[in-house]
$ cat my_file-v8.cif   # mmCIF, C-alpha atoms
data_final
#
loop_
_atom_site.group_PDB
_atom_site.id
_atom_site.type_symbol
_atom_site.label_atom_id
_atom_site.label_comp_id
_atom_site.auth_asym_id
_atom_site.auth_seq_id
_atom_site.Cartn_x
_atom_site.Cartn_y
_atom_site.Cartn_z
ATOM 1 C CA MET V 1 -5.373 25.629 57.458
ATOM 2 C CA ALA V 2 -7.078 27.049 54.359
ATOM 3 C CA LYS V 3 -4.570 29.900 54.342
ATOM 4 C CA TYR V 4 -1.637 27.488 54.152
ATOM 5 C CA LEU V 5 -3.318 25.419 51.495
ATOM 6 C CA ALA V 6 -3.897 28.545 49.404
ATOM 7 C CA GLN V 7 -0.243 29.541 49.837
ATOM 8 C CA ILE V 8 0.916 26.101 48.697
ATOM 9 C CA ILE V 9 -1.310 26.261 45.639
ATOM 10 C CA VAL V 10 -0.105 29.765 44.727
ATOM 11 C CA LEU V 11 3.522 28.715 45.175
ATOM 12 C CA GLY V 12 2.978 25.658 42.964
ATOM 13 C CA VAL V 13 1.339 27.709 40.228
ATOM 14 C CA GLN V 14 4.183 30.247 40.343
ATOM 15 C CA THR V 15 6.796 27.494 40.076
ATOM 16 C CA ILE V 16 5.070 25.865 37.117
ATOM 17 C CA GLY V 17 4.631 29.257 35.460
ATOM 18 C CA LYS V 18 8.331 30.045 35.806
ATOM 19 C CA ALA V 19 9.321 26.644 34.394
ATOM 20 C CA PHE V 20 6.988 27.091 31.443
ATOM 21 C CA SER V 21 8.301 30.598 30.857
ATOM 22 C CA ARG V 22 11.901 29.366 30.852
ATOM 23 C CA ALA V 23 11.054 26.558 28.405
ATOM 24 C CA LEU V 24 9.285 28.982 26.092
ATOM 25 C CA LYS V 25 12.198 31.445 26.178
ATOM 26 C CA GLN V 26 14.615 28.600 25.431
ATOM 27 C CA GLU V 27 12.543 27.472 22.453
ATOM 28 C CA ILE V 28 12.417 31.037 21.113
ATOM 29 C CA ASP V 29 16.198 31.373 21.523
ATOM 30 C CA PHE V 30 16.774 28.096 19.676
ATOM 31 C CA SER V 31 14.507 29.232 16.847
ATOM 32 C CA ARG V 32 16.356 32.542 16.556
ATOM 33 C CA GLN V 33 19.714 30.781 16.549
ATOM 34 C CA ALA V 34 18.533 28.400 13.835
ATOM 35 C CA ALA V 35 17.275 31.315 11.741
ATOM 36 C CA ALA V 36 20.572 33.140 12.195
ATOM 37 C CA ARG V 37 22.559 30.058 11.169
ATOM 38 C CA GLN V 38 20.374 29.618 8.121
ATOM 39 C CA ALA V 39 20.778 33.241 7.098
ATOM 40 C CA SER V 40 24.551 33.103 7.524
ATOM 41 C CA SER V 41 24.947 29.727 5.758
ATOM 42 C CA GLY V 42 23.795 31.125 2.436
ATOM 43 C CA GLY V 43 21.571 29.423 -0.087
ATOM 44 C CA ALA V 44 21.165 25.949 -1.433
ATOM 45 C CA SER V 45 23.566 23.445 -2.882
ATOM 46 C CA LYS V 46 23.464 22.329 -6.535
ATOM 47 C CA GLY V 47 20.608 19.874 -6.048
ATOM 48 C CA GLY V 48 18.581 22.095 -3.743
ATOM 49 C CA GLN V 49 18.846 22.699 -0.029
ATOM 50 C CA SER V 50 21.132 20.473 1.980
ATOM 51 C CA SER V 51 19.674 18.365 4.741
ATOM 52 C CA GLU V 52 21.402 20.600 7.281
ATOM 53 C CA ALA V 53 19.778 23.697 5.792
ATOM 54 C CA ARG V 54 16.363 22.032 5.928
ATOM 55 C CA ASN V 55 17.018 21.063 9.568
ATOM 56 C CA LEU V 56 17.862 24.651 10.430
ATOM 57 C CA ARG V 57 14.905 26.034 8.566
ATOM 58 C CA ALA V 58 12.412 23.799 10.351
ATOM 59 C CA GLY V 59 14.242 23.940 13.675
ATOM 60 C CA MET V 60 14.403 20.152 13.939
ATOM 61 C CA THR V 61 15.974 17.143 12.294
ATOM 62 C CA LEU V 62 14.096 14.685 10.128
ATOM 63 C CA ASP V 63 14.493 12.005 12.816
ATOM 64 C CA GLU V 64 12.991 14.288 15.452
ATOM 65 C CA ALA V 65 10.083 15.116 13.155
ATOM 66 C CA GLN V 66 9.451 11.432 12.485
ATOM 67 C CA ASN V 67 9.539 10.694 16.226
ATOM 68 C CA ILE V 68 7.041 13.457 16.979
ATOM 69 C CA LEU V 69 4.590 12.113 14.407
ATOM 70 C CA ASN V 70 5.510 8.470 15.062
ATOM 71 C CA LEU V 71 6.389 7.745 11.437
ATOM 72 C CA GLU V 72 8.668 4.923 10.304
ATOM 73 C CA LYS V 73 8.458 5.751 6.589
ATOM 74 C CA LEU V 74 7.755 8.968 4.719
ATOM 75 C CA GLU V 75 4.211 8.281 3.500
ATOM 76 C CA LYS V 76 1.930 11.187 2.635
ATOM 77 C CA GLU V 77 -1.331 9.533 3.756
ATOM 78 C CA LEU V 78 0.041 8.368 7.090
ATOM 79 C CA LEU V 79 1.674 11.763 7.657
ATOM 80 C CA GLU V 80 -1.630 13.565 7.146
ATOM 81 C CA LYS V 81 -3.519 11.099 9.358
ATOM 82 C CA ARG V 82 -1.061 11.392 12.274
ATOM 83 C CA TYR V 83 -0.726 15.154 11.872
ATOM 84 C CA LYS V 84 -4.481 15.722 11.857
ATOM 85 C CA HIS V 85 -4.994 13.564 14.944
ATOM 86 C CA LEU V 86 -2.179 15.114 16.997
ATOM 87 C CA PHE V 87 -3.013 18.662 15.920
ATOM 88 C CA GLU V 88 -6.668 18.287 16.912
ATOM 89 C CA VAL V 89 -5.907 16.513 20.202
ATOM 90 C CA ASN V 90 -3.579 19.336 21.224
ATOM 91 C CA ASP V 91 -5.957 22.143 20.279
ATOM 92 C CA LYS V 92 -5.861 24.734 23.048
ATOM 93 C CA ALA V 93 -9.651 25.123 22.869
ATOM 94 C CA ARG V 94 -9.923 21.463 23.882
ATOM 95 C CA GLY V 95 -7.479 21.819 26.747
ATOM 96 C CA GLY V 96 -4.431 20.836 24.718
ATOM 97 C CA SER V 97 -0.982 22.351 24.561
ATOM 98 C CA PHE V 98 -0.154 25.077 22.056
ATOM 99 C CA TYR V 99 3.540 24.207 22.427
ATOM 100 C CA ILE V 100 2.979 20.562 21.471
ATOM 101 C CA GLN V 101 0.622 21.610 18.695
ATOM 102 C CA SER V 102 3.325 23.879 17.261
ATOM 103 C CA LYS V 103 5.906 21.046 17.461
ATOM 104 C CA VAL V 104 3.492 18.793 15.547
ATOM 105 C CA PHE V 105 3.046 21.511 12.911
ATOM 106 C CA ARG V 106 6.822 22.018 12.570
ATOM 107 C CA ALA V 107 7.369 18.257 12.353
ATOM 108 C CA ARG V 108 4.907 18.061 9.470
ATOM 109 C CA GLU V 109 6.641 20.969 7.720
ATOM 110 C CA ARG V 110 10.038 19.286 8.101
ATOM 111 C CA ILE V 111 8.818 15.956 6.735
ATOM 112 C CA GLU V 112 7.078 17.676 3.813
ATOM 113 C CA GLN V 113 10.337 19.497 2.999
ATOM 114 C CA GLU V 114 12.114 16.151 2.853
ATOM 115 C CA MET V 115 9.370 14.567 0.766
ATOM 116 C CA ASN V 116 9.430 17.499 -1.685
ATOM 117 C CA GLN V 117 13.220 17.195 -1.932
ATOM 118 C CA MET V 118 12.884 13.487 -2.745
ATOM 119 C CA ASP V 119 10.182 14.220 -5.366
ATOM 120 C CA PRO V 120 11.373 17.367 -7.209
ATOM 121 C CA LYS V 121 8.222 17.454 -9.390
ATOM 122 C CA LYS V 122 6.390 19.353 -6.636
#
$ encode --input "my_file-v8.cif" --output "structure tokens"
Amino acid sequence: MAKYLAQIIVLGVQTIGKAFSRALKQEIDFSRQAAARQASSGGASKGGQSSEARNLRAGMTLDEAQNILNLEKLEKELLEKRYKHLFEVNDKARGGSFYIQSKVFRARERIEQEMNQMDPKK
């Protein structure tokens, strides 16, 4: 009985490992494709980077970034508060997910790009 239980556990771990590996490879491929599109699209428009270029650079749209950080409006204080909370909660040392932590980081980068574009003084 213990032998079968051990086999089931090993099989489950292998299946989850393969699924995680596939998801990670897919994310890496998407990032490479986005970088390639950005490199081939050239530079910025007259007023700075286009929204599409910023999407490609960050690897996500502004809407996706706002959904990840649960932001309705682009507010610096709220952005920092949500980012800090989600980044700390997903710290690998605390049992969190490095993948989710990296998505939170990229979402913050994307929103900051948009905020800097709106306020060209920075």
$ resolve_selection --input "my_file-v8.cif" --expression "the PyMOL selection byres ((chain V and resi 59-66) around 8)" --output "ChimeraX atom specification"
/V:30-31,34,55-58,67-72,104,106-108,110-111,114
$ atom_distance --input "my_file-v8.cif" --atom1 "CA of Ile100 (chain V)" --atom2 "CA of Ile8 (chain V)"
27.9 Å
$ atom_distance --input "my_file-v8.cif" --atom1 "CA of Gln117 (chain V)" --atom2 "CA of His85 (chain V)"
25.1 Å
$ closest_residue --input "my_file-v8.cif" --among "V:Lys103, V:Lys73, V:Arg32, V:Arg37" --to "Leu86 (chain V)" --atoms "all atoms listed in the file"
V:Lys103
$ atom_distance --input "my_file-v8.cif" --atom1 "CA of Glu88 (chain V)" --atom2 "CA of Arg22 (chain V)"
25.7 Å
$ residues_around --input "my_file-v8.cif" --residues "Lys84 (chain V)" --least-positions-apart "5" --cutoff "12 Å" --atoms "all atoms listed in the file" --output "list in words"
Leu69, Glu77, Leu78, Leu79, Val89, Asn90, Asp91, Gln101, Val104, Phe105 and Arg108 of chain V
$ closest_residue --input "my_file-v8.cif" --among "V:Lys25, V:Tyr4, V:Glu80, V:Phe20" --to "Glu112 (chain V)" --atoms "all atoms listed in the file"
V:Glu80
